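Shown next: data19.cif, given as mmCIF, C-alpha atoms.
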```cif
data_work
loop_
_atom_site.label_atom_id
_atom_site.label_comp_id
_atom_site.auth_asym_id
_atom_site.auth_seq_id
_atom_site.Cartn_x
_atom_site.Cartn_y
_atom_site.Cartn_z
CA MET C 44 -35.49 -36.17 -48.67
CA GLY C 45 -31.92 -35.86 -47.31
CA ILE C 46 -29.15 -33.91 -48.99
CA ASP C 47 -27.07 -35.68 -51.58
CA ARG C 48 -23.30 -35.95 -51.72
CA ARG C 49 -22.93 -32.95 -54.05
CA ASP C 50 -24.89 -30.58 -51.79
CA PHE C 51 -23.04 -31.81 -48.71
CA LEU C 52 -19.63 -31.03 -50.29
CA LYS C 53 -20.84 -27.57 -51.39
CA MET C 54 -22.03 -26.76 -47.89
CA ALA C 55 -18.86 -28.08 -46.29
CA GLY C 56 -16.71 -25.98 -48.62
CA ALA C 57 -18.73 -22.84 -48.06
CA SER C 58 -18.64 -23.16 -44.29
CA ALA C 59 -14.88 -23.83 -44.37
CA ILE C 60 -14.32 -20.60 -46.34
CA LEU C 61 -16.55 -18.71 -43.93
CA ALA C 62 -14.70 -20.14 -40.91
CA ILE C 63 -11.27 -19.20 -42.27
CA GLY C 64 -12.50 -15.71 -43.15
CA GLY C 65 -13.99 -15.33 -39.70
CA LEU C 66 -10.76 -16.43 -38.05
CA THR C 67 -8.66 -13.83 -39.86
CA ILE C 68 -11.14 -11.11 -38.93
CA VAL C 69 -10.99 -12.15 -35.26
CA GLU C 70 -7.20 -12.18 -35.48
CA ASP C 71 -7.15 -8.66 -36.91
CA ILE C 72 -9.41 -7.39 -34.15
CA THR C 73 -7.36 -8.95 -31.36
CA LYS C 74 -4.18 -7.58 -32.92
CA ASP C 75 -5.67 -4.10 -32.84
CA ILE C 76 -6.61 -4.49 -29.19
CA ALA C 77 -3.14 -5.75 -28.31
CA GLN C 78 -1.53 -2.81 -30.07
CA ALA C 79 -3.86 -0.37 -28.35
CA SER C 80 -3.09 -1.72 -24.90
CA GLU C 81 0.63 -1.60 -25.66
CA SER C 82 0.55 2.03 -26.67
CA ALA C 83 -1.56 2.87 -23.64
CA SER C 84 0.99 1.40 -21.24
CA GLU C 85 3.79 3.13 -23.10
CA SER C 86 2.20 6.55 -22.89
CA GLY C 87 1.63 5.86 -19.20
CA ALA C 88 5.30 5.03 -18.79
CA VAL C 89 6.36 8.42 -20.09
CA ALA C 90 4.54 10.16 -17.30
CA ALA C 91 5.77 7.54 -14.85
CA GLY C 92 9.26 6.71 -13.72
CA LYS C 93 10.08 10.12 -12.38
CA LEU C 94 11.22 9.90 -8.80
CA ALA C 95 14.65 8.49 -8.03
CA MET C 96 17.16 8.46 -5.20
CA VAL C 97 20.94 8.70 -5.09
CA ILE C 98 22.85 7.42 -2.07
CA ASP C 99 26.40 8.71 -1.63
CA VAL C 100 28.10 5.73 -0.04
CA ALA C 101 31.20 7.71 0.98
CA LYS C 102 29.18 10.08 3.13
CA PHE C 103 28.13 7.28 5.46
CA LYS C 104 31.11 6.99 7.78
CA THR C 105 30.04 5.85 11.23
CA GLY C 106 27.38 3.46 12.44
CA ASP C 107 25.56 6.52 13.68
CA ASP C 108 25.07 7.81 10.13
CA TYR C 109 23.19 4.65 9.21
CA ALA C 110 21.23 4.44 12.45
CA ARG C 111 20.02 8.04 12.18
CA VAL C 112 18.59 7.48 8.70
CA ILE C 113 17.04 4.10 9.52
CA ASP C 114 15.53 5.33 12.80
CA ALA C 115 13.98 8.34 11.08
CA CYS C 116 12.04 6.00 8.81
CA ASN C 117 11.18 3.45 11.49
CA SER C 118 9.74 5.96 13.94
CA ILE C 119 7.66 7.86 11.38
CA HIS C 120 6.14 4.79 9.78
CA ASN C 121 5.42 2.77 12.93
CA ILE C 122 7.73 -0.05 11.92
CA PRO C 123 7.93 -2.83 14.51
CA VAL C 124 11.31 -3.83 15.91
CA ILE C 125 11.58 -7.63 15.70
CA ASP C 126 14.98 -9.22 16.31
CA ASP C 127 14.27 -12.52 14.58
CA PRO C 128 15.52 -12.07 10.98
CA LYS C 129 12.86 -14.48 9.75
CA SER C 130 10.00 -12.25 10.81
CA GLU C 131 11.59 -8.80 10.92
CA VAL C 132 9.97 -5.88 9.11
CA LYS C 133 12.22 -3.45 7.30
CA TRP C 134 11.73 -0.52 4.95
CA ILE C 135 15.32 0.72 4.89
CA TRP C 136 18.23 -1.24 6.28
CA ALA C 137 21.97 -1.81 5.91
CA ASP C 138 23.69 -4.88 4.51
CA THR C 139 27.09 -6.02 3.21
CA PHE C 140 28.53 -5.37 -0.25
CA GLU C 141 28.21 -9.09 -0.97
CA HIS C 142 24.46 -9.00 -0.40
CA THR C 143 23.96 -5.62 -2.06
CA PHE C 144 25.82 -6.25 -5.31
CA PRO C 145 26.11 -10.06 -5.47
CA GLU C 146 27.00 -10.10 -9.17
CA GLN C 147 30.18 -8.10 -8.47
CA GLN C 148 31.66 -10.67 -6.11
CA GLU C 149 33.99 -11.93 -8.83
CA GLU C 150 35.92 -8.65 -8.94
CA ALA C 151 39.19 -10.08 -7.70
CA HIS C 152 41.04 -6.98 -6.63
CA MET C 153 38.34 -4.69 -5.41
CA LYS C 154 39.01 -2.16 -2.72
CA GLU C 155 38.98 -4.00 0.60
CA SER C 156 37.36 -1.12 2.47
CA LEU C 157 34.43 -1.14 0.07
CA LYS C 158 33.88 -4.85 0.66
CA GLU C 159 33.66 -4.27 4.38
CA LYS C 160 31.27 -1.36 4.12
CA PRO C 161 27.55 -1.60 4.84
CA PHE C 162 25.18 -0.27 2.20
CA LEU C 163 21.77 1.24 2.73
CA LEU C 164 19.06 -0.81 1.06
CA LEU C 165 15.45 0.05 0.38
CA CYS C 166 12.76 -0.52 -2.22
CA ASN C 167 14.14 0.43 -5.65
CA HIS C 168 10.77 1.61 -6.97
CA CYS C 169 11.53 -0.21 -10.21
CA GLU C 170 10.61 1.04 -13.64
CA HIS C 171 9.28 -2.47 -14.36
CA PRO C 172 8.37 -3.75 -10.91
CA PRO C 173 8.00 -7.55 -10.76
CA CYS C 174 5.99 -7.22 -7.53
CA VAL C 175 3.29 -5.29 -9.39
CA ARG C 176 3.18 -7.88 -12.15
CA VAL C 177 2.61 -10.78 -9.78
CA CYS C 178 0.16 -9.17 -7.34
CA PRO C 179 -3.18 -10.97 -7.83
CA THR C 180 -5.30 -8.22 -6.24
CA LYS C 181 -3.49 -5.14 -7.59
CA ALA C 182 -2.78 -4.21 -4.00
CA THR C 183 0.66 -3.11 -5.14
CA PHE C 184 0.74 -0.78 -8.09
CA LYS C 185 2.86 1.88 -9.75
CA ARG C 186 1.84 5.50 -9.35
CA SER C 187 2.15 8.06 -12.12
CA ASP C 188 5.25 9.51 -10.41
CA GLY C 189 6.92 6.09 -10.53
CA ILE C 190 6.50 5.19 -6.89
CA VAL C 191 5.61 1.54 -6.31
CA MET C 192 2.85 1.80 -3.73
CA GLN C 193 1.05 -0.68 -1.51
CA ASP C 194 -2.68 -0.57 -0.80
CA MET C 195 -2.90 -2.32 2.56
CA HIS C 196 -6.68 -2.50 2.29
CA ARG C 197 -6.35 -4.85 -0.65
CA CYS C 198 -3.38 -6.97 0.39
CA ILE C 199 -4.38 -10.58 1.00
CA GLY C 200 -0.94 -11.61 2.23
CA CYS C 201 -0.18 -14.13 -0.51
CA ARG C 202 3.49 -12.97 -0.58
CA PHE C 203 3.84 -13.40 -4.37
CA CYS C 204 5.40 -9.92 -4.38
CA MET C 205 8.03 -11.03 -1.89
CA ALA C 206 8.93 -13.92 -4.18
CA GLY C 207 8.95 -11.56 -7.17
CA CYS C 208 11.14 -8.85 -5.67
CA PRO C 209 14.82 -9.52 -6.43
CA TYR C 210 15.93 -7.02 -3.78
CA GLY C 211 14.28 -8.45 -0.67
CA SER C 212 12.59 -5.12 -0.13
CA ARG C 213 9.34 -6.52 1.17
CA SER C 214 8.45 -7.75 4.62
CA PHE C 215 5.53 -9.82 5.80
CA ASN C 216 3.76 -9.24 9.09
CA TRP C 217 3.76 -12.70 10.65
CA THR C 218 2.29 -11.33 13.87
CA ASP C 219 0.36 -8.25 14.94
CA PRO C 220 3.04 -5.54 14.67
CA ARG C 221 1.60 -3.26 17.34
CA PRO C 222 3.18 -4.85 20.44
CA ASN C 223 6.60 -4.40 18.80
CA ILE C 224 6.24 -0.71 17.97
CA LYS C 225 8.06 1.35 20.56
CA ASP C 226 6.51 4.79 20.14
CA GLU C 227 3.48 4.90 17.92
CA ASN C 228 3.32 7.88 15.59
CA PRO C 229 -0.35 8.90 15.84
CA ASP C 230 -0.25 10.56 12.40
CA TYR C 231 0.53 7.37 10.48
CA PRO C 232 -1.24 4.00 10.48
CA THR C 233 0.37 0.74 11.54
CA ARG C 234 -0.11 -2.46 9.61
CA MET C 235 -1.97 -5.59 10.64
CA LYS C 236 -1.08 -9.24 10.81
CA GLY C 237 -0.97 -10.87 7.38
CA VAL C 238 -0.02 -8.02 5.05
CA VAL C 239 3.18 -7.25 3.17
CA GLU C 240 4.79 -3.84 3.56
CA LYS C 241 7.73 -1.88 2.19
CA CYS C 242 9.18 1.58 1.61
CA THR C 243 6.81 4.04 -0.09
CA PHE C 244 9.33 6.84 -0.77
CA CYS C 245 7.27 8.65 1.92
CA THR C 246 4.27 9.44 -0.27
CA GLU C 247 2.57 11.04 2.74
CA ARG C 248 5.47 13.48 3.14
CA LEU C 249 5.80 14.15 -0.61
CA ALA C 250 2.13 15.19 -0.63
CA LYS C 251 3.01 17.87 1.91
CA GLY C 252 6.02 19.01 -0.10
CA LEU C 253 8.56 17.36 2.21
CA GLU C 254 11.45 15.10 1.24
CA PRO C 255 11.45 11.44 2.28
CA ALA C 256 12.35 11.04 5.95
CA CYS C 257 15.61 9.19 5.24
CA VAL C 258 16.79 11.88 2.83
CA GLU C 259 16.04 14.59 5.36
CA ALA C 260 17.90 12.73 8.11
CA SER C 261 20.91 11.91 5.92
CA ASN C 262 22.46 15.42 6.00
CA GLY C 263 22.95 15.46 2.24
CA ALA C 264 24.25 11.91 1.87
CA MET C 265 21.05 11.00 0.03
CA VAL C 266 19.49 12.98 -2.78
CA PHE C 267 15.94 12.60 -4.04
CA GLY C 268 14.15 14.05 -7.01
CA ASP C 269 12.71 13.87 -10.50
CA ILE C 270 15.04 11.93 -12.76
CA THR C 271 13.30 13.12 -15.94
CA ASP C 272 14.08 16.74 -15.08
CA ALA C 273 17.58 17.56 -16.39
CA ASN C 274 18.02 20.34 -13.83
CA SER C 275 17.06 18.29 -10.78
CA GLU C 276 19.55 17.57 -8.04
CA VAL C 277 19.53 13.82 -8.70
CA ARG C 278 20.46 14.43 -12.32
CA LYS C 279 23.29 16.75 -11.27
CA VAL C 280 24.72 14.13 -8.97
CA LEU C 281 24.30 11.39 -11.59
CA ASN C 282 26.06 13.62 -14.09
CA GLU C 283 29.04 14.25 -11.83
CA ALA C 284 29.66 10.92 -10.18
CA TYR C 285 29.93 7.29 -11.26
CA THR C 286 26.95 5.43 -9.91
CA ILE C 287 25.81 1.83 -9.88
CA ARG C 288 22.45 0.24 -9.27
CA ARG C 289 21.50 -3.08 -7.74
CA LYS C 290 21.10 -5.96 -10.23
CA PRO C 291 20.32 -3.78 -13.28
CA GLU C 292 20.86 -6.85 -15.48
CA LEU C 293 17.48 -8.18 -14.37
CA GLY C 294 15.76 -5.44 -16.34
CA THR C 295 13.63 -4.17 -13.49
CA GLY C 296 15.00 -0.64 -13.88
CA PRO C 297 15.81 0.12 -10.24
CA LYS C 298 15.69 3.82 -9.37
CA VAL C 299 18.03 3.89 -6.38
CA TYR C 300 21.57 4.82 -7.44
CA TYR C 301 24.75 4.36 -5.42
CA VAL C 302 27.67 6.78 -5.73
CA MET C 303 30.68 4.60 -5.03
CA GLY C 304 33.02 7.53 -4.38
CA GLY C 305 36.57 8.35 -5.34
CA ALA C 306 39.85 8.24 -3.44
CA ASP C 307 38.32 9.51 -0.20
CA ASN C 308 35.81 6.67 -0.16
CA ALA C 309 35.35 4.99 3.21
CA MET U 116 -47.87 -41.70 18.04
CA TYR U 117 -44.55 -43.40 18.60
CA ASN U 118 -42.25 -41.61 21.07
CA GLY U 119 -44.87 -38.84 21.36
CA GLY U 120 -43.53 -37.49 24.62
CA LYS U 121 -40.00 -37.14 23.26
CA ILE U 122 -41.17 -35.43 20.08
CA ILE U 123 -43.33 -32.92 21.93
CA LEU U 124 -40.52 -32.24 24.39
CA GLY U 125 -38.14 -31.72 21.46
CA ILE U 126 -40.53 -29.30 19.77
CA VAL U 127 -40.95 -27.34 23.00
CA ILE U 128 -37.17 -27.09 23.50
CA PHE U 129 -36.70 -26.03 19.88
CA LEU U 130 -39.35 -23.32 20.11
CA ALA U 131 -37.87 -22.08 23.38
CA LEU U 132 -34.44 -21.73 21.79
CA ALA U 133 -35.69 -20.28 18.50
CA ALA U 134 -37.86 -17.70 20.20
CA PHE U 135 -35.17 -16.64 22.68
CA PRO U 136 -34.30 -13.40 20.83
CA PHE U 137 -37.92 -12.30 21.16
CA TYR U 138 -38.67 -13.01 24.81
CA GLY U 139 -35.09 -12.36 25.89
CA ASP U 140 -35.46 -8.68 25.06
CA ILE U 141 -38.88 -8.21 26.66
CA GLY U 142 -38.78 -5.37 29.12
CA LYS U 143 -35.42 -4.09 27.91
CA ALA U 144 -35.57 -0.55 26.59
CA ASN U 145 -34.55 -0.47 22.96
CA VAL U 146 -32.65 2.80 22.81
CA THR U 147 -30.97 3.90 19.61
CA PRO U 148 -27.49 5.09 20.49
CA GLU U 149 -26.59 8.70 19.79
CA PRO U 150 -22.95 9.24 18.85
CA ASN U 151 -21.33 11.59 21.29
CA LEU U 152 -20.07 14.79 19.68
CA ASP U 153 -18.71 16.33 22.87
CA THR U 154 -14.91 16.41 22.54
CA PRO U 155 -12.51 19.20 23.54
CA GLU U 156 -11.61 19.65 19.88
CA ILE U 157 -15.21 20.07 18.75
CA ARG U 158 -15.93 22.45 21.65
CA LYS U 159 -13.12 24.68 20.35
CA LEU U 160 -14.60 24.88 16.85
CA GLU U 161 -16.25 28.16 16.03
CA GLU U 162 -18.55 26.67 13.44
CA LYS U 163 -19.54 23.17 14.43
CA LYS U 164 -19.77 21.32 11.15
CA CYS U 165 -18.39 18.16 9.63
CA VAL U 166 -16.90 17.65 6.19
CA GLU U 167 -20.37 17.11 4.77
CA PRO U 168 -23.86 17.79 6.27
CA GLU U 169 -24.86 15.72 9.28
CA GLU U 170 -27.59 13.73 7.55
CA PHE U 171 -25.21 12.75 4.75
CA MET U 172 -22.49 11.75 7.21
CA LYS U 173 -24.90 9.61 9.24
CA ALA U 174 -26.05 7.67 6.21
CA GLU U 175 -23.02 7.72 3.95
CA HIS U 176 -19.88 8.04 6.08
CA MET U 177 -18.80 4.55 5.12
CA SER U 178 -18.95 5.23 1.41
CA LEU U 179 -17.21 8.57 1.90
CA LEU U 180 -14.43 6.84 3.83
CA ASN U 181 -14.20 4.21 1.12
CA LYS U 182 -13.88 6.97 -1.48
CA TRP U 183 -11.29 8.78 0.62
CA ARG U 184 -9.19 5.68 0.97
CA ASP U 185 -9.07 5.11 -2.78
CA LEU U 186 -8.35 8.78 -3.44
CA ALA U 187 -5.51 8.92 -0.93
CA VAL U 188 -3.90 5.54 -1.54
CA ARG U 189 -4.52 4.86 -5.20
CA ASP U 190 -5.37 8.13 -6.93
CA GLU U 191 -2.62 10.33 -5.44
CA THR U 192 -5.20 12.86 -4.23
CA THR U 193 -4.85 14.16 -0.70
CA VAL U 194 -7.33 17.03 -0.75
CA TYR U 195 -11.10 16.53 -0.66
CA VAL U 196 -13.30 19.36 -1.85
CA ALA U 197 -16.58 19.16 0.05
CA SER U 198 -20.00 19.99 -1.37
CA ASP U 199 -19.80 23.46 0.23
CA GLY U 200 -16.53 24.15 -1.56
CA GLU U 201 -14.23 23.81 1.42
CA SER U 202 -11.08 21.66 1.17
CA TYR U 203 -10.04 19.00 3.65
CA ASN U 204 -6.97 16.84 3.99
CA ILE U 205 -7.96 13.26 3.20
CA SER U 206 -7.00 11.33 6.31
CA LEU U 207 -8.96 9.21 8.76
CA GLN U 208 -6.41 9.67 11.51
CA ASN U 209 -5.51 13.30 10.88
CA THR U 210 -8.84 14.78 9.79
CA CYS U 211 -11.78 12.71 11.08
CA MET U 212 -10.29 11.63 14.38
CA ARG U 213 -8.70 14.99 15.10
CA CYS U 214 -12.17 16.33 15.90
CA HIS U 215 -13.85 13.05 16.84
CA SER U 216 -11.19 12.13 19.36
CA ASN U 217 -13.66 9.92 21.24
CA LYS U 218 -13.68 6.74 19.21
CA LYS U 219 -15.44 4.69 21.89
CA GLU U 220 -18.31 7.14 22.23
CA PHE U 221 -18.44 8.24 18.61
CA CYS U 222 -17.67 5.17 16.49
CA ASP U 223 -18.03 2.08 18.64
CA LYS U 224 -21.38 2.90 20.19
CA CYS U 225 -23.34 2.70 16.94
CA HIS U 226 -21.18 0.02 15.39
CA GLU U 227 -21.81 -2.27 18.34
CA TYR U 228 -25.52 -1.52 18.25
CA ALA U 229 -25.65 -2.24 14.53
CA GLY U 230 -23.50 -5.33 14.92
CA VAL U 231 -20.88 -4.22 12.44
CA SER U 232 -17.14 -4.43 13.02
CA PRO U 233 -15.29 -2.33 10.43
CA TYR U 234 -11.60 -3.21 10.27
CA CYS U 235 -10.38 0.41 10.21
CA TRP U 236 -8.68 0.09 13.58
CA ASP U 237 -6.66 -3.00 12.71
CA CYS U 238 -4.22 -0.56 11.14
CA HIS U 239 -5.35 2.98 11.80
CA LEU U 240 -4.49 4.25 15.24
CA ALA U 241 -7.36 5.53 17.36
CA PRO U 242 -6.71 8.71 19.32
CA LYS U 243 -5.46 8.14 22.85
CA GLU U 244 -8.39 8.38 25.23
CA GLY U 245 -8.04 9.08 28.91
CA LYS U 246 -10.66 6.57 29.90
#
```
Conversion result in structure tokens:
Amino acid sequence: MGIDRRDFLKMAGASAILAIGGLTIVEDITKDIAQASESASESGAVAAGKLAMVIDVAKFKTGDDYARVIDACNSIHNIPVIDDPKSEVKWIWADTFEHTFPEQQEEAHMKESLKEKPFLLLCNHCEHPPCVRVCPTKATFKRSDGIVMQDMHRCIGCRFCMAGCPYGSRSFNWTDPRPNIKDENPDYPTRMKGVVEKCTFCTERLAKGLEPACVEASNGAMVFGDITDANSEVRKVLNEAYTIRRKPELGTGPKVYYVMGGADNA
Amino acid sequence: MYNGGKIILGIVIFLALAAFPFYGDIGKANVTPEPNLDTPEIRKLEEKKCVEPEEFMKAEHMSLLNKWRDLAVRDETTVYVASDGESYNISLQNTCMRCHSNKKEFCDKCHEYAGVSPYCWDCHLAPKEGK
């Protein structure tokens, strides 16, 4: 014999209560997991975000000052020289004030000399790097010292990171870079066609206890160090001079600071 | 049998093509390549040993290299402590190839024989060889 109306209603009610109870339990569990993962990333962030760079704009006076720094990086890291701006590869380069600090273009009476001046640009090794968030293969990731690093073995060349980066710090290898490398540095790899590359804050030199190549070549115009250490040189400079960063309003937490200089600037 | 001649001819041609790898190699000596360890750098070594024992390196060099690459790139570790306690700098170009400066004789010989083409050299620079 089938169930009657009374039994059916009882069963329906009981299963509804069970379902609601089950749902709240599931919700509680997922909430716990979400909280756990949040605290894990936060504790990771304390250890991270250490290394930063300060560029003293006033100390770059002639074209030679820029070229020396840029060439130091290019020759060490086997960076190809490609004239076409659509396919060029750059780790550190110079560009105009307008392109460096676009949000400050509305300053009506800014110092003319500053507007004319080129600025050194490189990867900002962001506290919250958008490139890392969008990378589908985790080829780009943030190290515990805050450096945003690229694993070329994993890069599939999708260029999401290039779209994500608000600073244009990433370059894609449209062709095999080797024919365009003047003098290959046998101690460092090149890249291959179809991968994205960028500045690494010279992780290979840091491992040996050396400063990044650009900092070493800058004759003191660039300072590099641990920003969480109150006695570090970067903190001293940041304490003494007024500095700005590129597009801080985006919330990426860039870690390259620019000292704009006083009366003797440019 | 309809079209018997054509079918038999087709079968013969198919068998000839399918069996080519077998009769094509008849008479050819099947020599296993030996990687060449004779480089100026290795000759200079007082104790001729690799990072790990030879047997391990022969069988497992690819997994060791894979481990090295993750250690160096992702895990911020640049020093490898070998099973005998000695430390080595983790680098294909600056550690492995410093001694094995003969990529053609050391790497390529076996890789060609085994029909594998690892993509190491798409990025990593092989030592300059005089040949």
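Distance annotation: of C:Met153, C:Leu52, C:Ala260, C:Cys208, the residue with the minimal separation from Cys166 of chain C is C:Cys208; atom set is only C-alpha atoms.
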Practice problem: Please determine the residues with any atom at most 9 Å from (-3.5, 8.9, 8.6) (coordinates as given in the file, with all atoms listed in the file counting) and report them as a ChimeraX atom specification. | Solution: /C:229-232,247 /U:205-210,239-240
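Taking atom CA of Val146 of chain U and atom CA of Lys159 of chain U as endpoints, the distance between them is 29.4 Å.
Closest approach to Glu220 of chain U from the set U:Pro233, U:Pro150, U:Gly200, U:Pro242 is made by U:Pro150, with distances taken over all atoms listed in the file.
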Practice problem: Have a look at atom CA of Glu283 of chain C and atom CA of Leu165 of chain C and let me know their distance in Å, one decimal. | Solution: 23.1 Å
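Compared by their closest atoms to Lys279 of chain C, and using only C-alpha atoms, the residues C:Cys178, C:Gly45, C:Met96, C:Cys242 rank with C:Met96 nearest.
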Practice problem: For each of U:Arg184, U:Met172, U:His215, U:His226, take the minimum atom-to-atom distance to chain C, counting only C-alpha atoms, then give the residue where this is smallest. | Solution: U:Arg184
Sorted by chain and rising residue number, which residues of chain C lie within 10 Å of chain U, and what are their closest atom pairs and distances in Å to one decimal, counting all atoms listed in the file, as a Markdown table?
```
| residue | atom | partner | partner_atom | distance |
| --- | --- | --- | --- | --- |
| C:Ala182 | CA | U:Arg189 | CA | 9.3 |
| C:Thr183 | CA | U:Arg189 | CA | 9.5 |
| C:Phe184 | CA | U:Arg189 | CA | 8.2 |
| C:Lys185 | CA | U:Arg189 | CA | 9.2 |
| C:Arg186 | CA | U:Arg189 | CA | 7.6 |
| C:Ser187 | CA | U:Glu191 | CA | 8.5 |
| C:Asp188 | CA | U:Glu191 | CA | 9.3 |
| C:Met192 | CA | U:Val188 | CA | 8.0 |
| C:Gln193 | CA | U:Val188 | CA | 7.9 |
| C:Asp194 | CA | U:Val188 | CA | 6.3 |
| C:Met195 | CA | U:Cys238 | CA | 8.9 |
| C:His196 | CA | U:Arg184 | CA | 8.7 |
| C:Asp219 | CA | U:Asp237 | CA | 9.0 |
| C:Pro220 | CA | U:Cys238 | CA | 9.5 |
| C:Arg221 | CA | U:Cys238 | CA | 8.9 |
| C:Glu227 | CA | U:Leu240 | CA | 8.4 |
| C:Asn228 | CA | U:Leu240 | CA | 8.6 |
| C:Pro229 | CA | U:Leu240 | CA | 6.3 |
| C:Asp230 | CA | U:Asn209 | CA | 6.1 |
| C:Tyr231 | CA | U:Gln208 | CA | 7.4 |
| C:Pro232 | CA | U:His239 | CA | 4.4 |
| C:Thr233 | CA | U:Cys238 | CA | 4.8 |
| C:Arg234 | CA | U:Cys238 | CA | 4.8 |
| C:Met235 | CA | U:Cys238 | CA | 5.5 |
| C:Lys236 | CA | U:Asp237 | CA | 8.6 |
| C:Thr246 | CA | U:Glu191 | CA | 8.7 |
| C:Glu247 | CA | U:Thr193 | CA | 8.8 |
| C:Ala250 | CA | U:Thr193 | CA | 7.1 |
| C:Lys251 | CA | U:Thr193 | CA | 9.1 |
```
Dump of C-alpha atoms for the selected residues, as a CSV table (one decimal), in the frame of the given file:
```
chain,number,residue,atom,x,y,z
C,182,ALA,CA,-2.8,-4.2,-4.0
C,183,THR,CA,0.7,-3.1,-5.1
C,184,PHE,CA,0.7,-0.8,-8.1
C,185,LYS,CA,2.9,1.9,-9.8
C,186,ARG,CA,1.8,5.5,-9.4
C,187,SER,CA,2.2,8.1,-12.1
C,188,ASP,CA,5.2,9.5,-10.4
C,192,MET,CA,2.8,1.8,-3.7
C,193,GLN,CA,1.0,-0.7,-1.5
C,194,ASP,CA,-2.7,-0.6,-0.8
C,195,MET,CA,-2.9,-2.3,2.6
C,196,HIS,CA,-6.7,-2.5,2.3
C,219,ASP,CA,0.4,-8.2,14.9
C,220,PRO,CA,3.0,-5.5,14.7
C,221,ARG,CA,1.6,-3.3,17.3
C,227,GLU,CA,3.5,4.9,17.9
C,228,ASN,CA,3.3,7.9,15.6
C,229,PRO,CA,-0.4,8.9,15.8
C,230,ASP,CA,-0.2,10.6,12.4
C,231,TYR,CA,0.5,7.4,10.5
C,232,PRO,CA,-1.2,4.0,10.5
C,233,THR,CA,0.4,0.7,11.5
C,234,ARG,CA,-0.1,-2.5,9.6
C,235,MET,CA,-2.0,-5.6,10.6
C,236,LYS,CA,-1.1,-9.2,10.8
C,246,THR,CA,4.3,9.4,-0.3
C,247,GLU,CA,2.6,11.0,2.7
C,250,ALA,CA,2.1,15.2,-0.6
C,251,LYS,CA,3.0,17.9,1.9
```
Quiz item: Which of these, U:Leu160, U:Ile141, U:Val166, U:Ile122, has the shortest distance to Ser202 of chain U once you count only C-alpha atoms?
Solution: U:Val166
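Once Arg176 of chain C and its same-chain neighbours fewer than 5 positions away are set aside, His171, Lys181, Thr183, Phe184, Phe203, Cys204 and Gly207 of chain C remain within 10 Å of it when counting only C-alpha atoms.
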Quiz item: Quick one: of U:Thr154, U:Thr147, U:Asn204, U:Ser216, who's nearest to Tyr228 of chain U, counting only C-alpha atoms?
Solution: U:Thr147
Practice problem: With the file shown as input, list the residues that the PyMOL selection byres ((chain C and resi 122) around 10) selects, as a ChimeraX atom specification. | Solution: /C:114,116-121,123-125,131-134,220-221,223-228,232-234,240-241
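For the pair atom CA of Val239 of chain C and atom CA of Val191 of chain C, the separation is 13.2 Å.
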Quiz item: Residues at most 8 Å from Ser130 of chain C, counting only C-alpha atoms, excluding those fewer than 6 positions away in the same chain, as a PyMOL selection string?
Solution: chain C and resi 214-217
Practice problem: Using the chain letters and numbering of this document, enumerate as a PyMOL selection string the residues selected by the PyMOL selection byres ((chain C and resi 102) around 12). | Solution: chain C and resi 97-101+103-109+160-163+261-266+301-305+307-309
Self-check item: Distance query Glu141 of chain C at most 10 Å, only C-alpha atoms, self and fewer than 3 positions along chain excluded, as a ChimeraX atom specification
Solution: /C:138,144-148,158-162
Could you work out an axis-aligned bounding box for all listed atoms of segment 239-242 of chain U, with 8 Å added on each of the six sides, and give its centre and edge lengths in Å to one decimal, as JSON?
```
{"center_x": -5.9, "center_y": 5.8, "center_z": 15.6, "size_x": 18.9, "size_y": 21.7, "size_z": 23.5}
```
